[in-house]
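J.: The file below is entry_10.cif, mmCIF, C-alpha atoms:
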```
data_model
#
loop_
_atom_site.group_PDB
_atom_site.id
_atom_site.type_symbol
_atom_site.label_atom_id
_atom_site.label_comp_id
_atom_site.auth_asym_id
_atom_site.auth_seq_id
_atom_site.Cartn_x
_atom_site.Cartn_y
_atom_site.Cartn_z
ATOM 1 C CA MET J 1 24.793 -11.428 -13.708
ATOM 2 C CA LYS J 2 28.380 -12.212 -14.565
ATOM 3 C CA ASN J 3 30.504 -14.955 -13.115
ATOM 4 C CA GLN J 4 34.063 -15.445 -14.301
ATOM 5 C CA TYR J 5 33.905 -19.184 -13.656
ATOM 6 C CA ILE J 6 30.660 -20.006 -15.469
ATOM 7 C CA ARG J 7 30.804 -20.691 -19.193
ATOM 8 C CA PRO J 8 29.101 -22.829 -21.847
ATOM 9 C CA LEU J 9 30.025 -26.493 -22.091
ATOM 10 C CA VAL J 10 32.628 -27.416 -24.727
ATOM 11 C CA ARG J 11 33.339 -30.900 -26.086
ATOM 12 C CA SER J 12 36.585 -31.219 -24.167
ATOM 13 C CA ASP J 13 34.547 -30.957 -20.918
ATOM 14 C CA LEU J 14 32.568 -34.141 -21.595
ATOM 15 C CA GLU J 15 34.939 -36.567 -19.882
ATOM 16 C CA ARG J 16 34.864 -34.491 -16.698
ATOM 17 C CA VAL J 17 31.092 -34.015 -16.946
ATOM 18 C CA ALA J 18 30.715 -37.803 -17.276
ATOM 19 C CA TYR J 19 32.678 -38.128 -14.042
ATOM 20 C CA LEU J 20 30.355 -35.636 -12.303
ATOM 21 C CA VAL J 21 27.254 -37.456 -13.578
ATOM 22 C CA ASP J 22 28.638 -40.823 -12.461
ATOM 23 C CA GLU J 23 29.793 -39.600 -9.050
ATOM 24 C CA ASN J 24 26.360 -38.108 -8.374
ATOM 25 C CA GLU J 25 24.612 -41.253 -9.695
ATOM 26 C CA MET J 26 22.332 -39.167 -11.912
ATOM 27 C CA PHE J 27 21.907 -41.338 -15.018
ATOM 28 C CA PRO J 28 24.213 -43.430 -17.217
ATOM 29 C CA SER J 29 26.923 -41.034 -18.406
ATOM 30 C CA ASP J 30 27.021 -42.745 -21.798
ATOM 31 C CA MET J 31 23.797 -40.791 -22.493
ATOM 32 C CA LEU J 32 25.756 -37.516 -22.551
ATOM 33 C CA ASP J 33 26.666 -37.658 -26.245
ATOM 34 C CA ASP J 34 23.005 -37.794 -27.239
ATOM 35 C CA MET J 35 21.983 -35.284 -24.564
ATOM 36 C CA THR J 36 24.535 -32.688 -25.676
ATOM 37 C CA ALA J 37 24.072 -33.169 -29.450
ATOM 38 C CA GLY J 38 21.622 -30.263 -29.763
ATOM 39 C CA HIS J 39 23.873 -27.954 -27.761
ATOM 40 C CA PHE J 40 26.891 -28.768 -29.908
ATOM 41 C CA GLY J 41 24.723 -28.539 -33.022
ATOM 42 C CA GLY J 42 23.905 -24.914 -32.256
ATOM 43 C CA ASP J 43 20.435 -25.311 -30.732
ATOM 44 C CA GLN J 44 20.273 -22.226 -28.494
ATOM 45 C CA SER J 45 17.482 -23.754 -26.419
ATOM 46 C CA GLN J 46 19.710 -26.618 -25.284
ATOM 47 C CA ARG J 47 21.753 -24.856 -22.634
ATOM 48 C CA TRP J 48 24.671 -26.455 -20.889
ATOM 49 C CA LEU J 49 26.844 -24.494 -18.466
ATOM 50 C CA VAL J 50 29.870 -25.488 -16.425
ATOM 51 C CA PHE J 51 31.566 -24.004 -13.380
ATOM 52 C CA ASP J 52 35.277 -23.985 -14.194
ATOM 53 C CA ASP J 53 37.730 -22.401 -11.780
ATOM 54 C CA GLY J 54 40.660 -24.393 -13.141
ATOM 55 C CA GLN J 55 38.729 -27.641 -13.390
ATOM 56 C CA VAL J 56 35.102 -28.281 -14.291
ATOM 57 C CA ASP J 57 33.538 -29.079 -10.930
ATOM 58 C CA ALA J 58 29.870 -28.397 -11.703
ATOM 59 C CA VAL J 59 27.520 -28.621 -14.675
ATOM 60 C CA CYS J 60 23.898 -27.823 -15.406
ATOM 61 C CA TYR J 61 21.502 -28.386 -18.292
ATOM 62 C CA TYR J 62 18.215 -26.588 -18.916
ATOM 63 C CA THR J 63 15.693 -26.247 -21.730
ATOM 64 C CA PRO J 64 12.444 -24.389 -22.397
ATOM 65 C CA GLU J 65 9.133 -26.112 -21.720
ATOM 66 C CA GLY J 66 7.643 -26.806 -25.140
ATOM 67 C CA LEU J 67 4.106 -25.513 -24.816
ATOM 68 C CA ALA J 68 4.489 -22.951 -22.039
ATOM 69 C CA GLU J 69 5.298 -19.280 -22.458
ATOM 70 C CA GLY J 70 8.507 -18.233 -20.709
ATOM 71 C CA VAL J 71 8.935 -21.450 -18.705
ATOM 72 C CA TRP J 72 12.222 -23.347 -18.497
ATOM 73 C CA ASN J 73 13.106 -26.657 -16.879
ATOM 74 C CA LEU J 74 16.424 -27.401 -15.216
ATOM 75 C CA LEU J 75 17.006 -31.022 -16.189
ATOM 76 C CA MET J 76 20.335 -31.560 -14.472
ATOM 77 C CA ILE J 77 22.792 -30.019 -12.075
ATOM 78 C CA ALA J 78 25.799 -31.903 -10.730
ATOM 79 C CA VAL J 79 28.650 -30.790 -8.495
ATOM 80 C CA ASP J 80 31.797 -32.735 -7.680
ATOM 81 C CA PRO J 81 31.020 -34.448 -4.348
ATOM 82 C CA ASN J 82 34.370 -33.199 -3.027
ATOM 83 C CA ARG J 83 33.033 -29.651 -3.450
ATOM 84 C CA HIS J 84 29.461 -30.119 -2.217
ATOM 85 C CA GLY J 85 28.567 -27.293 0.126
ATOM 86 C CA ASN J 86 31.059 -24.832 -1.407
ATOM 87 C CA GLY J 87 28.438 -22.803 -3.282
ATOM 88 C CA LEU J 88 29.158 -23.956 -6.839
ATOM 89 C CA GLY J 89 25.628 -25.234 -7.388
ATOM 90 C CA SER J 90 24.150 -22.064 -5.903
ATOM 91 C CA GLN J 91 26.277 -19.908 -8.190
ATOM 92 C CA LEU J 92 25.175 -21.901 -11.232
ATOM 93 C CA MET J 93 21.517 -21.647 -10.226
ATOM 94 C CA ARG J 94 21.704 -17.892 -9.636
ATOM 95 C CA PHE J 95 23.429 -17.435 -12.983
ATOM 96 C CA VAL J 96 20.728 -19.438 -14.793
ATOM 97 C CA GLU J 97 17.936 -17.582 -12.990
ATOM 98 C CA SER J 98 19.471 -14.192 -13.803
ATOM 99 C CA GLN J 99 20.079 -15.077 -17.447
ATOM 100 C CA LEU J 100 16.541 -16.336 -17.938
ATOM 101 C CA ALA J 101 15.003 -13.366 -16.109
ATOM 102 C CA ASP J 102 17.016 -10.971 -18.298
ATOM 103 C CA GLU J 103 15.552 -12.739 -21.339
ATOM 104 C CA GLY J 104 12.019 -12.240 -20.025
ATOM 105 C CA SER J 105 11.349 -15.799 -18.882
ATOM 106 C CA ARG J 106 8.729 -16.232 -16.168
ATOM 107 C CA LEU J 107 9.378 -19.518 -14.371
ATOM 108 C CA LEU J 108 12.110 -22.067 -13.766
ATOM 109 C CA LEU J 109 11.025 -25.588 -12.855
ATOM 110 C CA VAL J 110 13.143 -28.326 -11.322
ATOM 111 C CA ASP J 111 12.168 -31.964 -10.812
ATOM 112 C CA THR J 112 13.857 -34.277 -8.369
ATOM 113 C CA SER J 113 13.229 -37.493 -6.504
ATOM 114 C CA GLY J 114 11.194 -37.800 -3.341
ATOM 115 C CA LYS J 115 13.471 -40.571 -2.035
ATOM 116 C CA GLU J 116 15.364 -40.101 1.210
ATOM 117 C CA GLU J 117 18.676 -40.146 -0.703
ATOM 118 C CA PHE J 118 17.585 -36.917 -2.415
ATOM 119 C CA LYS J 119 16.771 -35.038 0.798
ATOM 120 C CA ARG J 120 19.928 -32.935 0.429
ATOM 121 C CA THR J 121 18.875 -32.033 -3.129
ATOM 122 C CA ARG J 122 15.417 -30.947 -1.996
ATOM 123 C CA THR J 123 16.954 -28.913 0.826
ATOM 124 C CA PHE J 124 19.219 -27.226 -1.749
ATOM 125 C CA TYR J 125 16.196 -25.963 -3.716
ATOM 126 C CA ASP J 126 14.433 -24.938 -0.500
ATOM 127 C CA MET J 127 17.526 -22.915 0.439
ATOM 128 C CA LEU J 128 17.410 -21.158 -2.959
ATOM 129 C CA ASP J 129 13.781 -20.116 -2.314
ATOM 130 C CA TYR J 130 12.153 -22.521 -4.747
ATOM 131 C CA GLU J 131 8.574 -23.461 -3.951
ATOM 132 C CA ARG J 132 7.559 -27.104 -3.723
ATOM 133 C CA GLU J 133 4.859 -27.033 -6.357
ATOM 134 C CA ALA J 134 3.875 -30.665 -6.920
ATOM 135 C CA ARG J 135 4.482 -34.265 -5.992
ATOM 136 C CA ILE J 136 3.609 -37.113 -8.342
ATOM 137 C CA ARG J 137 3.652 -40.393 -6.502
ATOM 138 C CA ASP J 138 5.548 -43.335 -7.999
ATOM 139 C CA TYR J 139 6.669 -41.237 -10.996
ATOM 140 C CA TRP J 140 10.301 -42.298 -11.494
ATOM 141 C CA SER J 141 9.553 -45.832 -10.348
ATOM 142 C CA GLU J 142 7.338 -47.498 -7.769
ATOM 143 C CA GLY J 143 8.097 -45.794 -4.456
ATOM 144 C CA ASP J 144 10.038 -42.948 -6.085
ATOM 145 C CA ASP J 145 7.970 -39.779 -6.288
ATOM 146 C CA LYS J 146 8.703 -36.816 -8.536
ATOM 147 C CA VAL J 147 8.924 -33.551 -6.590
ATOM 148 C CA THR J 148 8.598 -30.417 -8.699
ATOM 149 C CA PHE J 149 9.981 -27.101 -7.542
ATOM 150 C CA ARG J 150 9.261 -23.724 -9.144
ATOM 151 C CA LYS J 151 10.722 -20.262 -8.945
ATOM 152 C CA VAL J 152 9.194 -17.082 -10.329
ATOM 153 C CA LEU J 153 11.889 -15.234 -12.282
ATOM 154 C CA ARG J 154 10.268 -11.825 -12.652
#
```
Can you give me the file's structure in the form of structure tokens?
T.:
Amino acid sequence: MKNQYIRPLVRSDLERVAYLVDENEMFPSDMLDDMTAGHFGGDQSQRWLVFDDGQVDAVCYYTPEGLAEGVWNLLMIAVDPNRHGNGLGSQLMRFVESQLADEGSRLLLVDTSGKEEFKRTRTFYDMLDYEREARIRDYWSEGDDKVTFRKVLR
């Protein structure tokens, strides 16, 4: 699957990606340098993609699961709140799914929060036909469950 707006992350994107991470309240954006070190060091398993149609307005990060055959985990996806609902996240997800399927991967996993504030996020994965596979109570913190979604890629 090709998409003219999706490309690998480059260093000059990091300031904008920090903005996206901060605006979506994902994690402290000062963690990005460490998180992207493998990607910029040439580690092909550390995959960062951006959606750039003139400005980087979405980013995702995914890696293989260490001890599982053909299983990847999407660790982050963030879209500029001003563009939520415009399909950028869906395009990124479809691109990732297609790329991994073409490589022979079997499953893509996604973890998110069970908190009410993440209802829109869970609905997003439901809309993309991900299955709700597991819920681990009090995982992220007391009262904040981890909800794991899965999608079969082949």
J.: With a cut-off of 8 Å, could you pull out the residues of range 29-63 of chain J touching range 87-99 of chain J and give me the nearest pair of atoms for each, distance in Å to one decimal, using all atoms listed in the file, ordered by chain and ascending number, as a tab-separated table?
T.:
```
residue	atom	partner	partner_atom	distance
J:Leu49	CA	J:Leu92	CA	7.9
J:Val50	CA	J:Leu92	CA	7.9
J:Phe51	CA	J:Leu88	CA	7.0
J:Asp57	CA	J:Leu88	CA	7.9
J:Ala58	CA	J:Leu88	CA	6.6
J:Val59	CA	J:Leu92	CA	7.9
J:Cys60	CA	J:Leu92	CA	7.4
```
J.: Is it possible to get the residues within 10 Å of (16.9, -26.4, -3.8) (coordinates as in the file, counting all atoms listed in the file) written as a list in words?
T.: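 Output of the proximity query reads Gly89, Ser90, Met93, Val110, Thr112, Lys119, Arg120, Thr121, Arg122, Thr123, Phe124, Tyr125, Asp126, Met127, Leu128, Asp129, Tyr130, Glu131, Arg132, Phe149 and Arg150 of chain J.
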J.: With a distance cut-off of 9 Å and all atoms listed in the file, select the neighbouring residues of Val56 in chain J, excluding the residue or stretch itself and same-chain residues fewer than 3 positions from it, and output the selection as a PDB file with C-alpha atoms, keeping the file's coordinate frame.
T.:
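Now in out.pdb:
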```
ATOM      1  CA  ASP J  13      34.547 -30.957 -20.918  1.00  0.00           C
ATOM      2  CA  ARG J  16      34.864 -34.491 -16.698  1.00  0.00           C
ATOM      3  CA  VAL J  17      31.092 -34.015 -16.946  1.00  0.00           C
ATOM      4  CA  LEU J  20      30.355 -35.636 -12.303  1.00  0.00           C
ATOM      5  CA  VAL J  50      29.870 -25.488 -16.425  1.00  0.00           C
ATOM      6  CA  PHE J  51      31.566 -24.004 -13.380  1.00  0.00           C
ATOM      7  CA  ASP J  52      35.277 -23.985 -14.194  1.00  0.00           C
ATOM      8  CA  ASP J  53      37.730 -22.401 -11.780  1.00  0.00           C
ATOM      9  CA  VAL J  59      27.520 -28.621 -14.675  1.00  0.00           C
ATOM     10  CA  ASP J  80      31.797 -32.735  -7.680  1.00  0.00           C
TER      11      ASP J  80
END
```
J.: With all atoms listed in the file as the counted atoms, please give the residues lying no more than 12 Å from Ala18 in chain J, apart from itself and same-chain residues fewer than 5 positions off, as a ChimeraX atom specification.
T.: /J:11-13,23-33,35-36,56-59,78-80
J.: Every residue with an atom at most 12 Å from (12.7, -42.0, -9.8) (file coordinates; all atoms listed in the file) is what I'm after, so could you write them as a list in words?
T.: Glu25, Met26, Phe27, Asp111, Thr112, Ser113, Gly114, Lys115, Glu116, Glu117, Phe118, Arg135, Ile136, Arg137, Asp138, Tyr139, Trp140, Ser141, Glu142, Gly143, Asp144, Asp145, Lys146 and Val147 of chain J
J.: For CA of Val152 in chain J and CA of Gly38 in chain J, determine how far apart the two atoms are, in Å to one decimal place.
T.: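 For CA of Val152 in chain J relative to CA of Gly38 in chain J, the distance reads 26.6 Å.
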J.: Separation of CA of Leu108 in chain J and CA of Arg7 in chain J, in Å?
T.: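 These two atoms are separated by 19.5 Å.
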